[in-house]
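Structure, as structure tokens:
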Amino acid sequence: MADEATRQRVQRDYKLTIGDLMADYHYGHLEKLCKANGLIFYSEAAGPNLNQADLMKNISRVDVAMAEFWYPSAHRGTPEQRFWTRNAACATHIYGMPVNMDEAFTSIGPAWEETPFSMKPVVDQAFCDGLNRICFHNFSHSPSLTAKPGYVYLPGTRYDPGITWWEQTPAFNTYLSRCSALLQAGRFVADAVIYQGDNIGRGEPMKKICHTLGEGYDHDNCNEEVLLTRMNVQDGRLVLPDGMSYRVLVLPDNQPITLAALEKVASLIEAGATVVGPPPTGLAGQSSTSDQAKFHALVARVWGSDSERSAVVKRRMGAGCLVSGLSARQVLQDAGVPPDFEQRGLSDAGTIDWIHRKAGDADIYFVTSRWQPVEKVECTFRVSGRQPELWDPVTGTMRDAAAFHQKDGRTVVPLEFDPCGSMFIIFRKPIGASTAGKAMANYPRAKRQLTLSGAWEVSFDPKWGGPEKVTFGQLVDWTTRSEPGIKFYSGTAVYRKEFNLPTLPAKGTRLLLDLGTVHEVASVRLNGHDLGVVWTKPARVDITDAAKAAGNALEVTVVNLWPNRLIADEALPKELRLTETNMRKFGSASPLLPSGLIGPVSVLSVEAPQ
């Protein structure tokens, strides 16, 4: 019988054969058929099957890369079980593919309980993992056009006309489109490329802090195919044919390597590359005696003989160098390369994530706060000599940062994040004379001018059991009302109120309408002006150009979720139910979800930052 080492080498070669067949004769064959017929080949070739194939190689054989990420659900309770974006993202970078489109927001468990705001931190994490196009999972084609919520497929977040907030989805879609457009621009920026060898049973499903790099440095992973056929050296950087480049190549710990890969690593060092990592544990796969001899001789040439090695090895070889015993982070810092992104001031409950792309002379950073605490942080970007701009992907507003300073070749920008907030920080133009050297602020301070107290007229849709018109003496959660048509109402209601302003805003001052607590989505009209959809927190909209001194006619359209009506219908005979669906998650004893405009609703004045 063969010894364990031999069995492992044979098994490795067998798995590689299966992986190559999958890449070339499944994905590759389908790609050829599509091209021959004028079709574009989309395939989720980087799903959760990393133990059976080289997912990056699979991705390279399709036209548009796909992976997946999940909305939180009982089926996949932890982020590690829900995010599979990173493998596909790395593949698109190393194979020169501009788009990474994910099967997005898949779930099993939630039933019409998702909102744009609850979906936002999920997609923001995927954006930071490398996502840049959305494929919703799912849009159900219900056999009935009138049944609501309708007949649906079990897995997936509902994103079809059956949801209560379908008319408001363009606001969320616009956010996704803005983010996707900027994250498709140019190329991903990473300091290190990490060699994954055969890349079967390995990979990186979701973004993680690499132990050798630590926080603030990003990286790509690469397989042997890319190392052997696409990687070269130019001006000391590791470069790929499509323009991606890296400062260092990192070799894995405690892994064997093929002779071909080791020979390529040695040639990269000689051409000027910096390679970080320990010697391999052995020669991967079945090999001849001659190959074994070449392998051991090359290991000694690159890392030195056993007697020459110490805890830290630094060896010049040609124009480049090999470093072993130090982290890639230390190597970069020794070379004068600080982290690409750093932040300080984060709360104990907070998480800040980021990704960096470069398009021509523009550096594009996407920075997001993943959780609900409001965060005020100081962020440092490895860019100098250019004006930082703050682009808000929710509202579409773009403005120069007023407060920032530059130090040691980097730019420090104070940033504030509302709950689950996100921002693009763009560096693309010279620093303006109006901001250079002045003490200013990046965020305006809001002052409360008026609280809209008293009664509101509220209109529900009688088709869904609500009163056509009712007066609320004060704003309350619908579920606290005694009327069944309000208590169990699901859908859209319109709140109306008139108000006067104490004073008109001074020049340069903006007025905001703050809706307070809203469940779940709202749209605002003032004096006949459509002011858009409010779906993030705080629930605010700019009313400056629509407001007048007296007689302001305000309409706030509020949409809640389906569960409350579904809960009520469970206690009714079928012929009296208002809803119709094949999904029966809720019982008559299920807890009701808070609903409606709860407020307080206020008018705020905001002076320009200074």
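For the structure tokens, the naming scheme is as follows: chains receive sequential letters (A, B, ...) according to their order of presentation, residues are indexed from 1 within each chain, and ligands are indexed from 1 in presentation order.
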Could you give me, as a tab-separated table, every segment 109-217 of chain A residue with an atom at most 12 Å from segment 268-286 of chain A, plus its closest atom pair and distance in Å to one decimal, counting only C-alpha atoms, rows ordered by chain then number?
```
residue	atom	partner	partner_atom	distance
A:Asp191	CA	A:Thr274	CA	11.5
A:Ala192	CA	A:Val275	CA	9.7
A:Val193	CA	A:Val275	CA	9.8
A:Ile194	CA	A:Val276	CA	9.5
A:Tyr195	CA	A:Gly277	CA	10.1
A:Gly197	CA	A:Ala284	CA	9.4
A:Asp198	CA	A:Ala284	CA	9.4
A:Thr212	CA	A:Val276	CA	9.4
A:Leu213	CA	A:Val276	CA	10.9
```
Expected file: the selected residues, N, CA, C and O atoms, as an mmCIF file, in the first residue's frame:
```cif
data_model
loop_
_atom_site.group_PDB
_atom_site.id
_atom_site.type_symbol
_atom_site.label_atom_id
_atom_site.label_comp_id
_atom_site.auth_asym_id
_atom_site.auth_seq_id
_atom_site.Cartn_x
_atom_site.Cartn_y
_atom_site.Cartn_z
ATOM 1 N N ASP A 191 -2.584 45.956 -2.444
ATOM 2 C CA ASP A 191 -1.133 45.976 -2.270
ATOM 3 C C ASP A 191 -0.502 44.603 -2.447
ATOM 4 O O ASP A 191 0.667 44.506 -2.822
ATOM 5 N N ALA A 192 -1.257 43.549 -2.169
ATOM 6 C CA ALA A 192 -0.681 42.210 -2.192
ATOM 7 C C ALA A 192 -1.535 41.278 -3.034
ATOM 8 O O ALA A 192 -2.757 41.427 -3.109
ATOM 9 N N VAL A 193 -0.872 40.316 -3.653
ATOM 10 C CA VAL A 193 -1.563 39.206 -4.292
ATOM 11 C C VAL A 193 -1.087 37.936 -3.586
ATOM 12 O O VAL A 193 0.116 37.719 -3.429
ATOM 13 N N ILE A 194 -2.042 37.149 -3.116
ATOM 14 C CA ILE A 194 -1.737 35.977 -2.301
ATOM 15 C C ILE A 194 -1.916 34.725 -3.141
ATOM 16 O O ILE A 194 -2.995 34.466 -3.680
ATOM 17 N N TYR A 195 -0.846 33.973 -3.258
ATOM 18 C CA TYR A 195 -0.870 32.767 -4.082
ATOM 19 C C TYR A 195 -1.585 31.650 -3.338
ATOM 20 O O TYR A 195 -1.226 31.317 -2.202
ATOM 21 N N GLY A 197 -2.073 28.524 -4.734
ATOM 22 C CA GLY A 197 -1.728 27.205 -5.261
ATOM 23 C C GLY A 197 -2.822 26.648 -6.148
ATOM 24 O O GLY A 197 -3.358 27.330 -7.030
ATOM 25 N N ASP A 198 -3.193 25.387 -5.899
ATOM 26 C CA ASP A 198 -4.218 24.733 -6.720
ATOM 27 C C ASP A 198 -5.584 25.377 -6.553
ATOM 28 O O ASP A 198 -6.463 25.217 -7.401
ATOM 29 N N THR A 212 -1.287 38.143 7.478
ATOM 30 C CA THR A 212 0.030 38.676 7.133
ATOM 31 C C THR A 212 -0.014 40.157 6.756
ATOM 32 O O THR A 212 1.010 40.827 6.750
ATOM 33 N N LEU A 213 -1.221 40.676 6.464
ATOM 34 C CA LEU A 213 -1.367 42.078 6.072
ATOM 35 C C LEU A 213 -1.961 42.941 7.171
ATOM 36 O O LEU A 213 -1.598 44.101 7.331
#
```
Find the spatial neighbours of Gln449 of chain A, counting only C-alpha atoms, within a cut-off of 10 Å - ignore same-chain residues fewer than 3 positions away - and output them as a ChimeraX atom specification.
/A:446,501-503,511-512,602-606
As a VMD selection string, please: all residues of segment 553-603 of chain A that backbone DSSP puts in strand (DSSP E or B).
chain A and resid 553 to 559 580 to 581 596 to 599 602 to 603
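Residues in contact with segment 347-350 of chain A at 8 Å, where only C-alpha atoms are counted and same-chain residues fewer than 3 positions away are skipped, are listed as Ser369, Arg370, Trp371, Gln372, Pro373 and Glu375 of chain A.
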Neighbouring residues of Gly186 of chain A were defined as those with any atom within 9 Å, considering only C-alpha atoms; residues of the same chain fewer than 2 positions away were excluded. Please report them as a list of chain:residue names.
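Surrounding residues, per the criterion: A:Pro98, A:Leu182, A:Leu183, A:Gln184, A:Phe188, A:Arg357, A:Lys358, A:Ala359, A:Gly360, A:Ala362, A:Ile364.
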Write out, as an mmCIF file, in the first residue's frame, the residues just selected, with all heavy atoms.
```
data_model
loop_
_atom_site.group_PDB
_atom_site.id
_atom_site.type_symbol
_atom_site.label_atom_id
_atom_site.label_comp_id
_atom_site.auth_asym_id
_atom_site.auth_seq_id
_atom_site.Cartn_x
_atom_site.Cartn_y
_atom_site.Cartn_z
ATOM 1 N N PRO A 98 -14.443 43.046 -15.950
ATOM 2 C CA PRO A 98 -14.875 44.267 -15.258
ATOM 3 C C PRO A 98 -16.049 44.107 -14.306
ATOM 4 O O PRO A 98 -16.244 44.942 -13.425
ATOM 5 C CB PRO A 98 -15.246 45.208 -16.409
ATOM 6 C CG PRO A 98 -15.632 44.292 -17.528
ATOM 7 C CD PRO A 98 -14.742 43.089 -17.394
ATOM 8 N N LEU A 182 -19.866 53.255 -9.862
ATOM 9 C CA LEU A 182 -18.564 53.691 -9.379
ATOM 10 C C LEU A 182 -17.648 52.517 -9.080
ATOM 11 O O LEU A 182 -16.429 52.595 -9.257
ATOM 12 C CB LEU A 182 -18.737 54.562 -8.129
ATOM 13 C CG LEU A 182 -19.244 55.981 -8.394
ATOM 14 C CD1 LEU A 182 -19.574 56.687 -7.090
ATOM 15 C CD2 LEU A 182 -18.207 56.785 -9.172
ATOM 16 N N LEU A 183 -18.223 51.401 -8.643
ATOM 17 C CA LEU A 183 -17.405 50.235 -8.312
ATOM 18 C C LEU A 183 -17.059 49.394 -9.537
ATOM 19 O O LEU A 183 -16.294 48.435 -9.426
ATOM 20 C CB LEU A 183 -18.105 49.389 -7.242
ATOM 21 C CG LEU A 183 -18.227 50.087 -5.881
ATOM 22 C CD1 LEU A 183 -19.082 49.264 -4.924
ATOM 23 C CD2 LEU A 183 -16.851 50.361 -5.269
ATOM 24 N N GLN A 184 -17.616 49.743 -10.698
ATOM 25 C CA GLN A 184 -17.160 49.156 -11.959
ATOM 26 C C GLN A 184 -16.096 50.022 -12.626
ATOM 27 O O GLN A 184 -15.424 49.580 -13.560
ATOM 28 C CB GLN A 184 -18.337 48.981 -12.918
ATOM 29 C CG GLN A 184 -19.307 47.877 -12.538
ATOM 30 C CD GLN A 184 -20.488 47.776 -13.487
ATOM 31 O OE1 GLN A 184 -20.403 48.150 -14.647
ATOM 32 N NE2 GLN A 184 -21.607 47.283 -12.978
ATOM 33 N N PHE A 188 -9.616 47.680 -9.308
ATOM 34 C CA PHE A 188 -9.448 47.440 -7.876
ATOM 35 C C PHE A 188 -8.014 47.768 -7.470
ATOM 36 O O PHE A 188 -7.070 47.530 -8.224
ATOM 37 C CB PHE A 188 -9.769 45.975 -7.605
ATOM 38 C CG PHE A 188 -9.538 45.500 -6.198
ATOM 39 C CD1 PHE A 188 -10.204 46.078 -5.131
ATOM 40 C CD2 PHE A 188 -8.663 44.446 -5.952
ATOM 41 C CE1 PHE A 188 -10.006 45.618 -3.839
ATOM 42 C CE2 PHE A 188 -8.456 43.977 -4.668
ATOM 43 C CZ PHE A 188 -9.129 44.567 -3.612
ATOM 44 N N ARG A 357 -10.842 51.743 -5.509
ATOM 45 C CA ARG A 357 -10.624 51.556 -6.937
ATOM 46 C C ARG A 357 -9.943 52.806 -7.494
ATOM 47 O O ARG A 357 -10.032 53.893 -6.916
ATOM 48 C CB ARG A 357 -11.939 51.274 -7.675
ATOM 49 C CG ARG A 357 -12.582 49.963 -7.281
ATOM 50 C CD ARG A 357 -13.824 49.670 -8.104
ATOM 51 N NE ARG A 357 -13.512 49.317 -9.478
ATOM 52 C CZ ARG A 357 -13.274 48.082 -9.909
ATOM 53 N NH1 ARG A 357 -13.299 47.066 -9.074
ATOM 54 N NH2 ARG A 357 -13.023 47.861 -11.193
ATOM 55 N N LYS A 358 -9.294 52.632 -8.633
ATOM 56 C CA LYS A 358 -8.626 53.756 -9.282
ATOM 57 C C LYS A 358 -9.035 53.776 -10.751
ATOM 58 O O LYS A 358 -8.925 52.768 -11.452
ATOM 59 C CB LYS A 358 -7.106 53.629 -9.155
ATOM 60 C CG LYS A 358 -6.347 54.887 -9.592
ATOM 61 C CD LYS A 358 -4.883 54.773 -9.251
ATOM 62 C CE LYS A 358 -4.115 56.036 -9.638
ATOM 63 N NZ LYS A 358 -4.561 57.224 -8.885
ATOM 64 N N ALA A 359 -9.541 54.926 -11.199
ATOM 65 C CA ALA A 359 -9.967 55.110 -12.588
ATOM 66 C C ALA A 359 -9.225 56.302 -13.164
ATOM 67 O O ALA A 359 -9.520 57.451 -12.821
ATOM 68 C CB ALA A 359 -11.475 55.332 -12.655
ATOM 69 N N GLY A 360 -8.227 56.035 -13.989
ATOM 70 C CA GLY A 360 -7.400 57.122 -14.491
ATOM 71 C C GLY A 360 -6.671 57.802 -13.345
ATOM 72 O O GLY A 360 -5.993 57.154 -12.549
ATOM 73 N N ALA A 362 -8.285 59.335 -10.928
ATOM 74 C CA ALA A 362 -9.231 59.425 -9.809
ATOM 75 C C ALA A 362 -9.092 58.212 -8.890
ATOM 76 O O ALA A 362 -9.095 57.067 -9.352
ATOM 77 C CB ALA A 362 -10.653 59.522 -10.325
ATOM 78 N N ILE A 364 -11.052 56.251 -5.992
ATOM 79 C CA ILE A 364 -12.439 56.086 -5.564
ATOM 80 C C ILE A 364 -12.461 55.154 -4.354
ATOM 81 O O ILE A 364 -12.135 53.967 -4.468
ATOM 82 C CB ILE A 364 -13.302 55.493 -6.698
ATOM 83 C CG1 ILE A 364 -13.253 56.384 -7.938
ATOM 84 C CG2 ILE A 364 -14.732 55.268 -6.228
ATOM 85 C CD1 ILE A 364 -13.831 55.734 -9.181
#
```
Restricting the calculation to only C-alpha atoms: of A:Gln52, A:Gln81, A:Thr544, A:Gln168, which residue gets closest to Val559 of chain A?
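Nearest candidate to Val559 of chain A out of A:Gln52, A:Gln81, A:Thr544, A:Gln168: A:Gln168.
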Residues of segment 462-567 of chain A that have any atom at most 8 Å from an atom of segment 576-592 of chain A: could you tabulate them with the shortest-distance atom pair and the distance in Å to one decimal, using only C-alpha atoms, ordered by chain and increasing number, as a tab-separated table?
```
residue	atom	partner	partner_atom	distance
A:Trp464	CA	A:Leu578	CA	6.6
A:Gly465	CA	A:Leu578	CA	7.9
A:Thr479	CA	A:Leu592	CA	7.0
A:Phe488	CA	A:Leu592	CA	7.9
A:Pro563	CA	A:Phe586	CA	7.1
A:Asn564	CA	A:Leu592	CA	5.5
A:Arg565	CA	A:Thr579	CA	7.3
A:Leu566	CA	A:Thr579	CA	6.6
A:Ile567	CA	A:Ser588	CA	4.9
```
DSSP alpha helix (DSSP H) selection over segment 194-411 of chain A, as number ranges by chain:
A: 224-229, 259-270, 289-303, 328-334
Output the selection as a tab-separated table (two decimals), in the first residue's frame - N, CA and C atoms for each residue.
```tsv
chain	number	residue	atom	x	y	z
A	224	GLU	N	-2.71	29.04	-9.62
A	224	GLU	CA	-1.49	28.72	-10.36
A	224	GLU	C	-1.58	29.13	-11.82
A	225	GLU	N	-2.76	29.03	-12.40
A	225	GLU	CA	-2.91	29.40	-13.81
A	225	GLU	C	-2.52	30.85	-14.04
A	226	VAL	N	-2.97	31.74	-13.17
A	226	VAL	CA	-2.65	33.16	-13.31
A	226	VAL	C	-1.18	33.40	-13.04
A	227	LEU	N	-0.65	32.76	-12.00
A	227	LEU	CA	0.78	32.92	-11.70
A	227	LEU	C	1.64	32.53	-12.89
A	228	LEU	N	1.32	31.41	-13.54
A	228	LEU	CA	2.16	30.90	-14.62
A	228	LEU	C	1.95	31.63	-15.94
A	229	THR	N	0.73	32.05	-16.22
A	229	THR	CA	0.43	32.53	-17.57
A	229	THR	C	0.14	34.02	-17.68
A	259	LEU	N	6.75	22.41	-9.15
A	259	LEU	CA	8.02	22.87	-9.65
A	259	LEU	C	7.83	24.06	-10.60
A	260	ALA	N	6.81	23.98	-11.44
A	260	ALA	CA	6.56	25.08	-12.39
A	260	ALA	C	6.26	26.38	-11.65
A	261	ALA	N	5.46	26.31	-10.58
A	261	ALA	CA	5.13	27.51	-9.81
A	261	ALA	C	6.37	28.07	-9.12
A	262	LEU	N	7.20	27.18	-8.56
A	262	LEU	CA	8.41	27.64	-7.88
A	262	LEU	C	9.37	28.28	-8.88
A	263	GLU	N	9.48	27.70	-10.05
A	263	GLU	CA	10.34	28.30	-11.07
A	263	GLU	C	9.83	29.68	-11.47
A	264	LYS	N	8.50	29.84	-11.56
A	264	LYS	CA	7.94	31.15	-11.91
A	264	LYS	C	8.19	32.16	-10.79
A	265	VAL	N	8.03	31.74	-9.53
A	265	VAL	CA	8.30	32.63	-8.41
A	265	VAL	C	9.75	33.12	-8.46
A	266	ALA	N	10.67	32.20	-8.71
A	266	ALA	CA	12.09	32.59	-8.79
A	266	ALA	C	12.33	33.58	-9.92
A	267	SER	N	11.68	33.36	-11.06
A	267	SER	CA	11.87	34.28	-12.19
A	267	SER	C	11.28	35.65	-11.90
A	268	LEU	N	10.17	35.70	-11.16
A	268	LEU	CA	9.58	36.99	-10.80
A	268	LEU	C	10.51	37.77	-9.87
A	269	ILE	N	11.11	37.06	-8.91
A	269	ILE	CA	12.06	37.72	-8.01
A	269	ILE	C	13.23	38.28	-8.81
A	270	GLU	N	13.78	37.48	-9.69
A	270	GLU	CA	14.92	37.94	-10.48
A	270	GLU	C	14.57	39.16	-11.33
A	289	THR	N	12.25	11.71	-9.96
A	289	THR	CA	13.44	11.96	-9.17
A	289	THR	C	14.16	13.21	-9.66
A	290	SER	N	14.18	13.39	-10.97
A	290	SER	CA	14.83	14.57	-11.55
A	290	SER	C	14.14	15.85	-11.09
A	291	ASP	N	12.79	15.85	-11.09
A	291	ASP	CA	12.05	17.03	-10.64
A	291	ASP	C	12.29	17.30	-9.16
A	292	GLN	N	12.39	16.23	-8.37
A	292	GLN	CA	12.66	16.41	-6.95
A	292	GLN	C	14.00	17.11	-6.74
A	293	ALA	N	14.99	16.69	-7.51
A	293	ALA	CA	16.32	17.29	-7.37
A	293	ALA	C	16.29	18.77	-7.77
A	294	LYS	N	15.60	19.08	-8.88
A	294	LYS	CA	15.48	20.49	-9.30
A	294	LYS	C	14.77	21.32	-8.24
A	295	PHE	N	13.73	20.73	-7.67
A	295	PHE	CA	12.93	21.42	-6.66
A	295	PHE	C	13.79	21.79	-5.44
A	296	HIS	N	14.50	20.83	-4.88
A	296	HIS	CA	15.30	21.09	-3.68
A	296	HIS	C	16.42	22.09	-3.96
A	297	ALA	N	16.99	22.02	-5.15
A	297	ALA	CA	18.05	22.96	-5.50
A	297	ALA	C	17.50	24.38	-5.61
A	298	LEU	N	16.28	24.50	-6.15
A	298	LEU	CA	15.69	25.83	-6.31
A	298	LEU	C	15.25	26.41	-4.96
A	299	VAL	N	14.74	25.56	-4.08
A	299	VAL	CA	14.38	26.02	-2.74
A	299	VAL	C	15.62	26.58	-2.04
A	300	ALA	N	16.73	25.87	-2.14
A	300	ALA	CA	17.97	26.33	-1.51
A	300	ALA	C	18.46	27.64	-2.13
A	301	ARG	N	18.25	27.79	-3.43
A	301	ARG	CA	18.69	29.01	-4.10
A	301	ARG	C	17.84	30.22	-3.66
A	302	VAL	N	16.54	30.00	-3.49
A	302	VAL	CA	15.66	31.11	-3.15
A	302	VAL	C	15.72	31.43	-1.66
A	303	TRP	N	15.64	30.42	-0.81
A	303	TRP	CA	15.56	30.65	0.64
A	303	TRP	C	16.90	30.41	1.36
A	328	ALA	N	3.82	40.37	5.60
A	328	ALA	CA	3.75	41.26	4.44
A	328	ALA	C	3.51	42.70	4.88
A	329	ARG	N	2.80	42.89	5.98
A	329	ARG	CA	2.58	44.23	6.50
A	329	ARG	C	3.90	44.89	6.87
A	330	GLN	N	4.78	44.13	7.56
A	330	GLN	CA	6.07	44.68	7.95
A	330	GLN	C	6.92	45.00	6.73
A	331	VAL	N	6.86	44.13	5.73
A	331	VAL	CA	7.64	44.35	4.51
A	331	VAL	C	7.17	45.63	3.82
A	332	LEU	N	5.86	45.83	3.74
A	332	LEU	CA	5.34	47.03	3.10
A	332	LEU	C	5.72	48.28	3.90
A	333	GLN	N	5.58	48.21	5.20
A	333	GLN	CA	5.92	49.39	6.00
A	333	GLN	C	7.41	49.69	5.96
A	334	ASP	N	8.24	48.64	5.94
A	334	ASP	CA	9.69	48.85	5.80
A	334	ASP	C	10.03	49.52	4.48
```
In Å to one decimal, how far is atom CA of Asp124 of chain A from atom CA of Val413 of chain A?
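Computing it gives 20.6 Å between the two atoms.
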Can you tell me which residues surround Gly421 of chain A at a distance of at most 12 Å, considering only C-alpha atoms, apart from same-chain residues fewer than 6 positions away, and format the answer as a VMD selection string?
chain A and resid 117 to 118 120 to 125 175 350 to 353 366 to 376 392 to 395 415 535 to 538
Take the selection from the previous step and output its residues with N, CA, C and O atoms, as a tab-separated table (two decimals), in the first residue's frame.
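Ended up saving to part11.tsv:
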```tsv
chain	number	residue	atom	x	y	z
A	117	PHE	N	-33.91	49.53	3.95
A	117	PHE	CA	-32.92	49.87	4.98
A	117	PHE	C	-32.28	48.62	5.58
A	117	PHE	O	-31.07	48.60	5.84
A	118	SER	N	-33.05	47.56	5.79
A	118	SER	CA	-32.45	46.34	6.34
A	118	SER	C	-31.59	45.62	5.31
A	118	SER	O	-30.67	44.88	5.66
A	120	LYS	N	-29.71	47.31	3.12
A	120	LYS	CA	-28.56	48.16	2.80
A	120	LYS	C	-27.25	47.66	3.40
A	120	LYS	O	-26.24	47.54	2.68
A	121	PRO	N	-27.15	47.38	4.71
A	121	PRO	CA	-25.85	46.93	5.23
A	121	PRO	C	-25.41	45.59	4.66
A	121	PRO	O	-24.22	45.30	4.63
A	122	VAL	N	-26.37	44.79	4.19
A	122	VAL	CA	-26.02	43.51	3.58
A	122	VAL	C	-25.32	43.74	2.25
A	122	VAL	O	-24.23	43.21	1.98
A	123	VAL	N	-25.91	44.57	1.41
A	123	VAL	CA	-25.30	44.82	0.10
A	123	VAL	C	-24.03	45.64	0.24
A	123	VAL	O	-23.08	45.46	-0.53
A	124	ASP	N	-23.96	46.52	1.25
A	124	ASP	CA	-22.75	47.31	1.44
A	124	ASP	C	-21.56	46.41	1.77
A	124	ASP	O	-20.43	46.68	1.33
A	125	GLN	N	-21.80	45.36	2.55
A	125	GLN	CA	-20.71	44.43	2.82
A	125	GLN	C	-20.28	43.74	1.53
A	125	GLN	O	-19.08	43.58	1.27
A	175	TYR	N	-29.81	53.77	-5.56
A	175	TYR	CA	-28.64	53.61	-4.68
A	175	TYR	C	-27.74	52.49	-5.20
A	175	TYR	O	-26.52	52.66	-5.33
A	350	GLY	N	-19.31	49.54	16.59
A	350	GLY	CA	-19.28	49.84	15.17
A	350	GLY	C	-18.36	48.97	14.35
A	350	GLY	O	-17.46	48.31	14.88
A	351	THR	N	-18.59	48.96	13.05
A	351	THR	CA	-17.72	48.31	12.07
A	351	THR	C	-17.67	49.20	10.83
A	351	THR	O	-18.70	49.55	10.26
A	352	ILE	N	-16.47	49.58	10.44
A	352	ILE	CA	-16.27	50.35	9.21
A	352	ILE	C	-15.59	49.44	8.18
A	352	ILE	O	-14.61	48.78	8.49
A	353	ASP	N	-16.15	49.39	6.98
A	353	ASP	CA	-15.56	48.60	5.90
A	353	ASP	C	-15.29	49.52	4.73
A	353	ASP	O	-15.84	50.62	4.64
A	366	PHE	N	-14.96	53.59	-1.39
A	366	PHE	CA	-16.30	53.39	-0.84
A	366	PHE	C	-16.11	52.99	0.62
A	366	PHE	O	-15.41	52.02	0.93
A	367	VAL	N	-16.71	53.76	1.52
A	367	VAL	CA	-16.57	53.52	2.96
A	367	VAL	C	-17.96	53.40	3.55
A	367	VAL	O	-18.84	54.24	3.27
A	368	THR	N	-18.18	52.39	4.37
A	368	THR	CA	-19.51	52.16	4.92
A	368	THR	C	-19.45	51.77	6.38
A	368	THR	O	-18.49	51.12	6.83
A	369	SER	N	-20.45	52.21	7.11
A	369	SER	CA	-20.64	51.82	8.51
A	369	SER	C	-21.71	50.75	8.54
A	369	SER	O	-22.84	50.98	8.11
A	370	ARG	N	-21.35	49.58	9.04
A	370	ARG	CA	-22.23	48.43	8.84
A	370	ARG	C	-23.40	48.37	9.80
A	370	ARG	O	-24.42	47.76	9.51
A	371	TRP	N	-23.30	49.01	10.97
A	371	TRP	CA	-24.35	48.84	11.96
A	371	TRP	C	-25.02	50.16	12.29
A	371	TRP	O	-24.70	51.21	11.72
A	372	GLN	N	-25.94	50.15	13.25
A	372	GLN	CA	-26.83	51.28	13.48
A	372	GLN	C	-26.23	52.44	14.28
A	372	GLN	O	-26.72	53.55	14.17
A	373	PRO	N	-25.20	52.25	15.13
A	373	PRO	CA	-24.69	53.41	15.85
A	373	PRO	C	-24.23	54.52	14.90
A	373	PRO	O	-23.65	54.25	13.85
A	374	VAL	N	-24.51	55.76	15.28
A	374	VAL	CA	-23.98	56.90	14.53
A	374	VAL	C	-22.49	56.98	14.82
A	374	VAL	O	-22.06	56.90	15.96
A	375	GLU	N	-21.69	57.08	13.76
A	375	GLU	CA	-20.24	57.06	13.92
A	375	GLU	C	-19.63	58.38	13.45
A	375	GLU	O	-20.00	58.92	12.40
A	376	LYS	N	-18.70	58.89	14.24
A	376	LYS	CA	-17.89	60.05	13.87
A	376	LYS	C	-16.44	59.60	13.94
A	376	LYS	O	-15.90	59.36	15.02
A	392	ASP	N	-22.58	61.18	-1.91
A	392	ASP	CA	-23.58	60.41	-1.17
A	392	ASP	C	-24.39	59.56	-2.15
A	392	ASP	O	-25.16	60.11	-2.95
A	393	PRO	N	-24.23	58.23	-2.13
A	393	PRO	CA	-24.95	57.40	-3.10
A	393	PRO	C	-26.44	57.28	-2.83
A	393	PRO	O	-27.18	56.82	-3.68
A	394	VAL	N	-26.92	57.70	-1.64
A	394	VAL	CA	-28.35	57.68	-1.35
A	394	VAL	C	-29.03	58.87	-2.01
A	394	VAL	O	-30.04	58.73	-2.70
A	395	THR	N	-28.49	60.05	-1.81
A	395	THR	CA	-29.13	61.26	-2.33
A	395	THR	C	-28.58	61.71	-3.68
A	395	THR	O	-29.22	62.50	-4.38
A	415	LEU	N	-15.15	62.07	8.99
A	415	LEU	CA	-16.39	61.60	8.36
A	415	LEU	C	-17.41	61.25	9.43
A	415	LEU	O	-17.05	60.79	10.52
A	535	TRP	N	-35.89	56.28	2.83
A	535	TRP	CA	-35.79	54.87	3.21
A	535	TRP	C	-34.63	54.59	4.15
A	535	TRP	O	-34.48	53.46	4.62
A	536	THR	N	-33.79	55.59	4.41
A	536	THR	CA	-32.67	55.41	5.33
A	536	THR	C	-32.96	56.16	6.63
A	536	THR	O	-34.00	56.80	6.78
A	537	LYS	N	-32.02	56.06	7.57
A	537	LYS	CA	-32.13	56.78	8.84
A	537	LYS	C	-30.98	57.78	8.94
A	537	LYS	O	-29.86	57.44	8.58
A	538	PRO	N	-31.25	58.99	9.47
A	538	PRO	CA	-32.56	59.53	9.84
A	538	PRO	C	-33.41	59.80	8.61
A	538	PRO	O	-32.90	60.03	7.52
```
Applying 10 Å and only C-alpha atoms, which residues near Pro143 of chain A remain after dropping the ones on its own chain fewer than 6 positions away? List them as a list in words.
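What passes the distance filter is Gly150, Tyr151 and Val152 of chain A.
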Do you know which residues are at most 10 Å from His75 of chain A counting only C-alpha atoms, after dropping those on the same chain fewer than 5 positions away, and could you put them as a compact mmCIF listing (two decimals) with N, CA and C atoms, in the first residue's frame?
```
# COMPACT_ATOMS: atom_id res chain seq x y z
N TRP A 70 -26.30 36.31 0.82
CA TRP A 70 -27.60 36.05 1.43
C TRP A 70 -27.99 37.16 2.40
N GLN A 81 -21.44 32.22 6.50
CA GLN A 81 -22.32 31.31 5.76
C GLN A 81 -23.10 32.03 4.66
N ARG A 82 -23.08 33.37 4.69
CA ARG A 82 -23.96 34.12 3.80
C ARG A 82 -23.25 34.80 2.64
N SER A 107 -32.50 34.31 0.67
CA SER A 107 -32.81 34.01 2.07
C SER A 107 -33.80 32.87 2.13
N ILE A 108 -33.85 32.24 3.27
CA ILE A 108 -34.91 31.28 3.60
C ILE A 108 -35.33 31.60 5.03
N GLY A 109 -36.55 32.01 5.19
CA GLY A 109 -37.03 32.35 6.54
C GLY A 109 -37.82 33.63 6.55
N PRO A 155 -37.16 30.15 -1.50
CA PRO A 155 -36.00 30.96 -1.12
C PRO A 155 -36.04 32.33 -1.78
```
